[in-house]
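Participant: Have a peek at entry.txt (compact mmCIF, C-alpha atoms).
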# COMPACT_ATOMS: atom_id res chain seq x y z
CA MET A 984 29.74 -209.91 20.90
CA ILE A 985 32.12 -212.75 20.02
CA LYS A 986 30.42 -215.68 18.37
CA SER A 987 30.89 -219.24 19.55
CA PHE A 988 34.09 -221.01 18.52
CA GLU A 989 32.43 -224.44 18.64
CA PRO A 990 31.14 -224.54 15.02
CA VAL A 991 34.54 -223.34 13.81
CA TYR A 992 36.24 -226.05 15.85
CA LYS A 993 33.98 -228.74 14.35
CA GLU A 994 34.67 -227.55 10.81
CA MET A 995 38.41 -227.39 11.46
CA GLU A 996 38.34 -230.93 12.82
CA GLU A 997 36.65 -232.04 9.59
CA LEU A 998 39.24 -230.18 7.50
CA PHE A 999 42.40 -231.19 9.35
CA ILE A 1000 41.53 -234.69 10.54
CA HIS A 1001 39.35 -236.03 7.73
CA ASN A 1002 40.21 -234.01 4.59
CA LEU A 1003 43.89 -233.05 4.99
CA PRO A 1004 45.21 -236.57 4.18
CA ASP A 1005 43.81 -236.17 0.63
CA TYR A 1006 45.66 -232.87 0.24
CA ILE A 1007 48.88 -234.43 1.53
CA GLU A 1008 48.50 -237.10 -1.15
CA LYS A 1009 47.98 -234.39 -3.79
CA ILE A 1010 51.19 -232.67 -2.69
CA ASN A 1011 53.10 -235.97 -2.95
CA ARG A 1012 51.74 -236.55 -6.48
CA ASN A 1013 52.38 -232.94 -7.49
CA TYR A 1014 56.10 -233.05 -6.63
CA ASN A 1015 56.69 -236.75 -7.43
CA ASP A 1016 60.36 -236.48 -6.44
CA GLY A 1017 60.71 -239.33 -3.96
CA ILE A 1018 60.11 -237.13 -0.90
CA LEU A 1019 56.82 -238.35 0.58
CA ILE A 1020 55.15 -236.55 3.44
CA LYS A 1021 52.96 -238.77 5.61
CA LYS A 1022 49.51 -238.01 6.92
CA PHE A 1023 49.36 -236.61 10.44
CA GLU A 1024 48.73 -239.14 13.22
CA ASN A 1025 46.19 -236.92 15.03
CA ARG A 1026 42.75 -238.45 15.56
CA THR A 1027 41.26 -235.23 17.01
CA LEU A 1028 42.36 -231.60 17.04
CA ASP A 1029 43.12 -231.44 20.74
CA GLU A 1030 44.81 -234.75 21.44
CA ASP A 1031 48.34 -234.92 22.77
CA CYS A 1032 50.04 -236.69 19.94
CA ILE A 1033 52.58 -239.42 20.60
CA LYS A 1034 53.22 -240.70 17.09
CA LYS A 1035 54.81 -238.36 14.56
CA PRO A 1036 54.18 -236.53 12.31
CA CYS A 1037 51.45 -234.69 14.16
CA PHE A 1038 50.35 -231.20 15.01
CA LYS A 1039 49.45 -229.36 18.16
CA PHE A 1040 46.31 -227.22 17.83
CA SER A 1041 45.90 -224.06 19.94
CA LEU A 1042 43.45 -221.18 20.05
CA GLU A 1043 45.77 -218.18 20.26
CA ASP A 1044 43.41 -215.21 20.28
CA SER A 1045 39.85 -214.08 19.67
CA GLU A 1046 38.45 -210.64 19.08
CA TYR A 1047 35.32 -208.87 18.03
CA SER A 1048 35.29 -206.08 15.49
CA GLU A 1049 32.47 -203.79 14.46
CA LYS A 1050 32.44 -201.42 11.52
CA ASP A 1051 29.77 -198.74 11.28
CA ARG A 1052 27.49 -200.79 13.57
CA ILE A 1053 26.56 -202.86 10.52
CA ILE A 1054 29.38 -205.29 9.90
CA GLU A 1055 30.22 -207.44 12.89
CA ASN A 1056 33.05 -209.96 12.80
CA SER A 1057 34.43 -212.43 15.27
CA ILE A 1058 38.06 -213.18 14.50
CA PHE A 1059 39.86 -216.20 15.89
CA LYS A 1060 43.56 -216.91 15.56
CA ILE A 1061 44.66 -220.49 15.90
CA SER A 1062 48.03 -222.14 15.57
CA LEU A 1063 49.12 -225.50 14.28
CA GLU A 1064 52.55 -226.48 15.53
CA LEU A 1065 53.93 -229.17 13.24
CA ILE A 1066 55.86 -231.87 15.06
CA LEU A 1067 57.99 -233.94 12.70
CA PRO A 1068 60.12 -236.99 13.51
CA GLN A 1069 63.65 -236.08 14.60
CA GLU A 1070 65.29 -238.42 12.07
CA ILE A 1071 63.77 -236.71 9.01
CA LYS A 1072 66.33 -235.20 6.69
CA LYS A 1073 65.33 -232.09 4.75
CA LYS A 1074 62.95 -230.96 7.52
CA THR A 1075 62.52 -227.59 5.84
CA ILE A 1076 61.17 -229.20 2.66
CA PHE A 1077 58.85 -231.45 4.69
CA PHE A 1078 57.56 -228.48 6.73
CA TRP A 1079 56.83 -226.37 3.65
CA ARG A 1080 55.05 -229.20 1.89
CA TYR A 1081 52.78 -229.64 4.91
CA ALA A 1082 52.27 -225.86 4.95
CA GLU A 1083 51.34 -225.99 1.25
CA ALA A 1084 48.79 -228.75 1.89
CA ILE A 1085 47.27 -226.71 4.73
CA GLN A 1086 47.19 -223.58 2.55
CA ARG A 1087 45.42 -225.47 -0.24
CA ILE A 1088 42.78 -226.95 2.03
CA LEU A 1089 42.03 -223.51 3.48
CA GLU A 1090 41.78 -221.92 0.04
CA GLU A 1091 39.63 -224.69 -1.44
CA SER A 1092 37.27 -225.30 1.49
CA GLU A 1093 33.68 -224.34 0.91
CA SER A 1094 32.99 -222.55 4.14
CA SER A 1095 31.02 -219.62 5.45
CA TYR A 1096 34.17 -218.63 7.36
CA ILE A 1097 37.16 -216.83 5.89
CA TYR A 1098 40.43 -218.70 6.54
CA LYS A 1099 43.79 -217.03 6.04
CA MET A 1100 47.30 -218.19 6.87
CA ILE A 1101 48.78 -215.03 8.30
CA LYS A 1102 52.12 -216.01 9.78
CA ILE A 1103 54.63 -218.79 10.21
CA ILE A 1104 56.83 -218.71 13.30
CA GLU A 1105 59.41 -221.50 13.44
CA SER A 1106 57.26 -224.65 13.31
CA LYS A 1107 53.92 -222.89 13.97
CA ILE A 1108 51.42 -221.89 11.33
CA ILE A 1109 49.10 -219.10 12.49
CA ILE A 1110 45.67 -219.07 10.85
CA GLU A 1111 43.09 -216.31 11.12
CA ILE A 1112 39.42 -217.29 10.90
CA THR A 1113 36.81 -214.59 10.38
CA LEU A 1114 33.14 -215.17 11.12
CA CYS A 1115 31.08 -212.54 9.40
CA ARG A 1116 27.62 -211.56 10.48
Output the file's structure as C-alpha cells, nothing else.
Facilitator:
Amino acid sequence: MIKSFEPVYKEMEELFIHNLPDYIEKINRNYNDGILIKKFENRTLDEDCIKKPCFKFSLEDSEYSEKDRIIENSIFKISLELILPQEIKKKTIFFWRYAEAIQRILEESESSYIYKMIKIIESKIIIEITLCR
C-alpha cells in the first residue's frame, strides 16, 4: 500500500523553500568567480511562479514495492523544472550550480526518507524519494 505523500511534501517544502537559499549561498561562496546564482522566487512548492529564477514542482510517479513480504517501500518521483531568466548568459553554468545546490541539500538533509537525484532531462531534475517501512 502506497504511503501518504503529504509528509514528504511538507519536508520538501521545508528543504526547497526555507533551506535551499543557504545552499545557494554556499555554492556562490564556493566558486567565488563573479557568477552569482540567486535564490528561487518560489514561496511554496506548488505556486505558479512569475518572477525568475523559480522552479516548477511536479509529482511524476508513485509506486509501491515489496520484497519478501518484509520490506515495503513507497517510491515517489518528483521533478523540479528550473526556470531561469531569458537574459542570463552562461545558462548551463547557472543550471548546474542550482543542480549542485539541490544535490547537496538532498545529501545533507537529516531525513527518514531516502532522496536521490536520478535524472536530468533538459531543465528538469528528477528526484526519487523512498519511504521505507
Participant: At a cut-off of 10 Å, using only C-alpha atoms, what residues contact Cys1037 (chain A)? Leave out same-chain residues fewer than 3 positions from it and give the result as a list of chain:residue names.
Facilitator: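 Those residues are A:Lys1021, A:Lys1022, A:Phe1023, A:Glu1024, A:Asn1025, A:Arg1026, A:Glu1030, A:Asp1031, A:Cys1032, A:Ile1033, A:Lys1034, A:Phe1040, A:Leu1063, A:Glu1064, A:Leu1065, A:Ile1066, A:Leu1067, A:Pro1068.
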Participant: Take the selection from the previous step and output its residues with C-alpha atoms, as a compact mmCIF listing (two decimals), in the frame of the given file.
Facilitator:
# COMPACT_ATOMS: atom_id res chain seq x y z
CA LYS A 1021 52.96 -238.77 5.61
CA LYS A 1022 49.51 -238.01 6.92
CA PHE A 1023 49.36 -236.61 10.44
CA GLU A 1024 48.73 -239.14 13.22
CA ASN A 1025 46.19 -236.92 15.03
CA ARG A 1026 42.75 -238.45 15.56
CA GLU A 1030 44.81 -234.75 21.44
CA ASP A 1031 48.34 -234.92 22.77
CA CYS A 1032 50.04 -236.69 19.94
CA ILE A 1033 52.58 -239.42 20.60
CA LYS A 1034 53.22 -240.70 17.09
CA PHE A 1040 46.31 -227.22 17.83
CA LEU A 1063 49.12 -225.50 14.28
CA GLU A 1064 52.55 -226.48 15.53
CA LEU A 1065 53.93 -229.17 13.24
CA ILE A 1066 55.86 -231.87 15.06
CA LEU A 1067 57.99 -233.94 12.70
CA PRO A 1068 60.12 -236.99 13.51
Participant: Ranking A:Lys1099, A:Lys1035, A:Arg1080, A:Lys1009 by minimum distance to Leu1114 (chain A) and counting all atoms listed in the file, which one comes first?
Facilitator: A:Lys1099
Participant: Measuring atom to atom with only C-alpha atoms, identify which of A:Phe988, A:Asn1013, A:Ile1110, A:Glu994 is nearest to Glu1093 (chain A).
Facilitator: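 Distance minimum relative to Glu1093 (chain A) lands on A:Glu994.
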Participant: Please give the centre and size of the box around region 1085-1101 of chain A (axis-aligned, containing every atom listed in the file, 8 Å added per side), with values in Å to one decimal and written as lines of an AutoDock Vina configuration file.
Facilitator:
center_x = 39.9
center_y = -221.0
center_z = 3.4
size_x = 33.8
size_y = 27.9
size_z = 25.7
Participant: By how many Å are CA of Ile1018 (chain A) and CA of Glu1111 (chain A) apart?
Facilitator: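 So the two atoms, CA of Ile1018 (chain A) and CA of Glu1111 (chain A), lie 29.5 Å apart.
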Participant: One decimal, in Å: what's the spacing between CA of Phe1059 (chain A) and CA of Tyr1047 (chain A)?
Facilitator: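 Taking CA of Phe1059 (chain A) as the start and CA of Tyr1047 (chain A) as the end point, the length is 8.9 Å.
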Participant: What does the distance from CA of Ala1082 (chain A) to CA of Met1100 (chain A) come to in Å, to one decimal?
Facilitator: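 CA of Met1100 (chain A) lies 9.3 Å from CA of Ala1082 (chain A).
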Participant: Nearest to Asn1002 (chain A): which of A:Glu1091, A:Asp1016, A:Asp1044, A:Glu1055 is it, counting only C-alpha atoms?
Facilitator: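 Answer, going by the shortest atom-to-atom distance: A:Glu1091.
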Participant: Which residues are close to Thr1113 (chain A), i.e. within 10 Å by all atoms listed in the file, leaving aside same-chain residues fewer than 5 positions away? Reply as a VMD selection string.
Facilitator: chain A and resid 991 1045 to 1047 1056 to 1060 1095 to 1099
Participant: Only C-alpha atoms, please: the residues just picked out, written as an mmCIF file, in the coordinates of the input.
Facilitator:
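selection-v1.cif written:
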data_model
loop_
_atom_site.group_PDB
_atom_site.id
_atom_site.type_symbol
_atom_site.label_atom_id
_atom_site.label_comp_id
_atom_site.auth_asym_id
_atom_site.auth_seq_id
_atom_site.Cartn_x
_atom_site.Cartn_y
_atom_site.Cartn_z
ATOM 1 C CA VAL A 991 34.540 -223.340 13.810
ATOM 2 C CA SER A 1045 39.850 -214.080 19.670
ATOM 3 C CA GLU A 1046 38.450 -210.640 19.080
ATOM 4 C CA TYR A 1047 35.320 -208.870 18.030
ATOM 5 C CA ASN A 1056 33.050 -209.960 12.800
ATOM 6 C CA SER A 1057 34.430 -212.430 15.270
ATOM 7 C CA ILE A 1058 38.060 -213.180 14.500
ATOM 8 C CA PHE A 1059 39.860 -216.200 15.890
ATOM 9 C CA LYS A 1060 43.560 -216.910 15.560
ATOM 10 C CA SER A 1095 31.020 -219.620 5.450
ATOM 11 C CA TYR A 1096 34.170 -218.630 7.360
ATOM 12 C CA ILE A 1097 37.160 -216.830 5.890
ATOM 13 C CA TYR A 1098 40.430 -218.700 6.540
ATOM 14 C CA LYS A 1099 43.790 -217.030 6.040
#
Participant: Neighbours of Met995 (chain A) within 9 Å (only C-alpha atoms; same-chain residues fewer than 5 positions away dropped), as a PDB file with C-alpha atoms, keeping the file's coordinate frame?
Facilitator:
ATOM      1  CA  PRO A 990      31.140-224.540  15.020  1.00  0.00           C
ATOM      2  CA  ILE A1000      41.530-234.690  10.540  1.00  0.00           C
ATOM      3  CA  LEU A1028      42.360-231.600  17.040  1.00  0.00           C
TER       4      LEU A1028
END
Participant: Measuring between all atoms listed in the file, which one of A:His1001, A:Gln1086, A:Pro1036, A:Ile1007 shows the shortest distance to Glu1070 (chain A)?
Facilitator: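 Of A:His1001, A:Gln1086, A:Pro1036, A:Ile1007, the one nearest Glu1070 (chain A) is A:Pro1036, counting all atoms listed in the file.
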Participant: Counting all atoms listed in the file, find the residues whose atoms lie at most 10 Å from (57.5, -222.4, 11.6) (file coordinates) and write them out as a VMD selection string.
Facilitator: chain A and resid 1063 to 1065 1075 1078 to 1079 1082 1102 to 1109
Participant: Nearest to Pro1004 (chain A) among A:Ile1061, A:Ile1112, A:Ala1084, A:Glu1090, with distances taken over only C-alpha atoms: which residue is it?
Facilitator: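 The answer is A:Ala1084, which sits nearest to Pro1004 (chain A).
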Participant: My structure is short of atoms at region 1006-1042 of chain A; please model N, CA and C atoms there, returning them as a PDB file, in the coordinates of the input.
Facilitator:
ATOM      1  N   TYR A1006      44.816-233.961   0.725  1.00  0.00           N
ATOM      2  CA  TYR A1006      45.660-232.870   0.240  1.00  0.00           C
ATOM      3  C   TYR A1006      47.142-233.223   0.363  1.00  0.00           C
ATOM      4  N   ILE A1007      47.494-233.961   1.387  1.00  0.00           N
ATOM      5  CA  ILE A1007      48.880-234.430   1.530  1.00  0.00           C
ATOM      6  C   ILE A1007      49.219-235.349   0.358  1.00  0.00           C
ATOM      7  N   GLU A1008      48.289-236.209  -0.002  1.00  0.00           N
ATOM      8  CA  GLU A1008      48.500-237.100  -1.150  1.00  0.00           C
ATOM      9  C   GLU A1008      48.649-236.298  -2.440  1.00  0.00           C
ATOM     10  N   LYS A1009      47.855-235.249  -2.607  1.00  0.00           N
ATOM     11  CA  LYS A1009      47.980-234.390  -3.790  1.00  0.00           C
ATOM     12  C   LYS A1009      49.352-233.740  -3.865  1.00  0.00           C
ATOM     13  N   ILE A1010      49.856-233.289  -2.731  1.00  0.00           N
ATOM     14  CA  ILE A1010      51.190-232.670  -2.690  1.00  0.00           C
ATOM     15  C   ILE A1010      52.244-233.691  -3.101  1.00  0.00           C
ATOM     16  N   ASN A1011      52.138-234.916  -2.582  1.00  0.00           N
ATOM     17  CA  ASN A1011      53.100-235.970  -2.950  1.00  0.00           C
ATOM     18  C   ASN A1011      53.060-236.236  -4.451  1.00  0.00           C
ATOM     19  N   ARG A1012      51.868-236.316  -5.028  1.00  0.00           N
ATOM     20  CA  ARG A1012      51.740-236.550  -6.480  1.00  0.00           C
ATOM     21  C   ARG A1012      52.250-235.359  -7.281  1.00  0.00           C
ATOM     22  N   ASN A1013      51.983-234.163  -6.786  1.00  0.00           N
ATOM     23  CA  ASN A1013      52.380-232.940  -7.490  1.00  0.00           C
ATOM     24  C   ASN A1013      53.897-232.858  -7.639  1.00  0.00           C
ATOM     25  N   TYR A1014      54.629-233.150  -6.575  1.00  0.00           N
ATOM     26  CA  TYR A1014      56.100-233.050  -6.630  1.00  0.00           C
ATOM     27  C   TYR A1014      56.717-234.297  -7.240  1.00  0.00           C
ATOM     28  N   ASN A1015      56.225-235.471  -6.873  1.00  0.00           N
ATOM     29  CA  ASN A1015      56.690-236.750  -7.430  1.00  0.00           C
ATOM     30  C   ASN A1015      58.219-236.826  -7.535  1.00  0.00           C
ATOM     31  N   ASP A1016      58.895-236.504  -6.433  1.00  0.00           N
ATOM     32  CA  ASP A1016      60.360-236.480  -6.440  1.00  0.00           C
ATOM     33  C   ASP A1016      60.989-237.445  -5.421  1.00  0.00           C
ATOM     34  N   GLY A1017      60.190-238.354  -4.914  1.00  0.00           N
ATOM     35  CA  GLY A1017      60.710-239.330  -3.960  1.00  0.00           C
ATOM     36  C   GLY A1017      60.587-238.893  -2.504  1.00  0.00           C
ATOM     37  N   ILE A1018      60.319-237.622  -2.263  1.00  0.00           N
ATOM     38  CA  ILE A1018      60.110-237.130  -0.900  1.00  0.00           C
ATOM     39  C   ILE A1018      58.612-237.231  -0.632  1.00  0.00           C
ATOM     40  N   LEU A1019      58.238-238.124   0.273  1.00  0.00           N
ATOM     41  CA  LEU A1019      56.820-238.350   0.580  1.00  0.00           C
ATOM     42  C   LEU A1019      56.517-237.885   2.002  1.00  0.00           C
ATOM     43  N   ILE A1020      55.599-236.939   2.108  1.00  0.00           N
ATOM     44  CA  ILE A1020      55.150-236.550   3.440  1.00  0.00           C
ATOM     45  C   ILE A1020      54.010-237.490   3.833  1.00  0.00           C
ATOM     46  N   LYS A1021      53.983-237.841   5.105  1.00  0.00           N
ATOM     47  CA  LYS A1021      52.960-238.770   5.610  1.00  0.00           C
ATOM     48  C   LYS A1021      51.802-237.992   6.203  1.00  0.00           C
ATOM     49  N   LYS A1022      50.660-238.659   6.293  1.00  0.00           N
ATOM     50  CA  LYS A1022      49.510-238.010   6.920  1.00  0.00           C
ATOM     51  C   LYS A1022      49.805-237.855   8.418  1.00  0.00           C
ATOM     52  N   PHE A1023      49.181-236.853   9.010  1.00  0.00           N
ATOM     53  CA  PHE A1023      49.360-236.610  10.440  1.00  0.00           C
ATOM     54  C   PHE A1023      48.681-237.736  11.229  1.00  0.00           C
ATOM     55  N   GLU A1024      49.236-238.047  12.372  1.00  0.00           N
ATOM     56  CA  GLU A1024      48.730-239.140  13.220  1.00  0.00           C
ATOM     57  C   GLU A1024      47.585-238.701  14.136  1.00  0.00           C
ATOM     58  N   ASN A1025      47.269-237.419  14.168  1.00  0.00           N
ATOM     59  CA  ASN A1025      46.190-236.920  15.030  1.00  0.00           C
ATOM     60  C   ASN A1025      44.866-237.592  14.698  1.00  0.00           C
ATOM     61  N   ARG A1026      44.098-237.911  15.731  1.00  0.00           N
ATOM     62  CA  ARG A1026      42.750-238.450  15.560  1.00  0.00           C
ATOM     63  C   ARG A1026      41.694-237.387  15.904  1.00  0.00           C
ATOM     64  N   THR A1027      42.097-236.383  16.687  1.00  0.00           N
ATOM     65  CA  THR A1027      41.260-235.230  17.010  1.00  0.00           C
ATOM     66  C   THR A1027      42.165-234.000  17.018  1.00  0.00           C
ATOM     67  N   LEU A1028      41.548-232.825  17.029  1.00  0.00           N
ATOM     68  CA  LEU A1028      42.360-231.600  17.040  1.00  0.00           C
ATOM     69  C   LEU A1028      43.124-231.414  18.339  1.00  0.00           C
ATOM     70  N   ASP A1029      42.512-231.782  19.457  1.00  0.00           N
ATOM     71  CA  ASP A1029      43.120-231.440  20.740  1.00  0.00           C
ATOM     72  C   ASP A1029      43.832-232.578  21.463  1.00  0.00           C
ATOM     73  N   GLU A1030      44.108-233.657  20.760  1.00  0.00           N
ATOM     74  CA  GLU A1030      44.810-234.750  21.440  1.00  0.00           C
ATOM     75  C   GLU A1030      46.290-234.440  21.589  1.00  0.00           C
ATOM     76  N   ASP A1031      46.887-234.999  22.619  1.00  0.00           N
ATOM     77  CA  ASP A1031      48.340-234.920  22.770  1.00  0.00           C
ATOM     78  C   ASP A1031      48.913-236.047  21.932  1.00  0.00           C
ATOM     79  N   CYS A1032      49.575-235.667  20.869  1.00  0.00           N
ATOM     80  CA  CYS A1032      50.040-236.690  19.940  1.00  0.00           C
ATOM     81  C   CYS A1032      51.320-237.347  20.462  1.00  0.00           C
ATOM     82  N   ILE A1033      51.402-238.635  20.223  1.00  0.00           N
ATOM     83  CA  ILE A1033      52.580-239.420  20.600  1.00  0.00           C
ATOM     84  C   ILE A1033      53.337-239.794  19.344  1.00  0.00           C
ATOM     85  N   LYS A1034      52.603-240.331  18.364  1.00  0.00           N
ATOM     86  CA  LYS A1034      53.220-240.700  17.090  1.00  0.00           C
ATOM     87  C   LYS A1034      53.438-239.447  16.242  1.00  0.00           C
ATOM     88  N   LYS A1035      54.484-239.490  15.438  1.00  0.00           N
ATOM     89  CA  LYS A1035      54.810-238.360  14.560  1.00  0.00           C
ATOM     90  C   LYS A1035      54.778-238.829  13.118  1.00  0.00           C
ATOM     91  N   PRO A1036      54.430-237.957  12.185  1.00  0.00           N
ATOM     92  CA  PRO A1036      54.180-236.530  12.310  1.00  0.00           C
ATOM     93  C   PRO A1036      52.804-236.248  12.901  1.00  0.00           C
ATOM     94  N   CYS A1037      52.716-235.116  13.584  1.00  0.00           N
ATOM     95  CA  CYS A1037      51.450-234.690  14.160  1.00  0.00           C
ATOM     96  C   CYS A1037      51.471-233.176  14.293  1.00  0.00           C
ATOM     97  N   PHE A1038      50.387-232.636  14.769  1.00  0.00           N
ATOM     98  CA  PHE A1038      50.350-231.200  15.010  1.00  0.00           C
ATOM     99  C   PHE A1038      49.692-230.932  16.345  1.00  0.00           C
ATOM    100  N   LYS A1039      50.058-229.806  16.914  1.00  0.00           N
ATOM    101  CA  LYS A1039      49.450-229.360  18.160  1.00  0.00           C
ATOM    102  C   LYS A1039      48.587-228.151  17.833  1.00  0.00           C
ATOM    103  N   PHE A1040      47.290-228.256  18.125  1.00  0.00           N
ATOM    104  CA  PHE A1040      46.310-227.220  17.830  1.00  0.00           C
ATOM    105  C   PHE A1040      46.139-226.327  19.051  1.00  0.00           C
ATOM    106  N   SER A1041      46.131-225.005  18.832  1.00  0.00           N
ATOM    107  CA  SER A1041      45.900-224.060  19.940  1.00  0.00           C
ATOM    108  C   SER A1041      45.070-222.885  19.451  1.00  0.00           C
ATOM    109  N   LEU A1042      44.159-222.430  20.292  1.00  0.00           N
ATOM    110  CA  LEU A1042      43.450-221.180  20.050  1.00  0.00           C
ATOM    111  C   LEU A1042      44.323-220.087  20.654  1.00  0.00           C
TER     112      LEU A1042
END
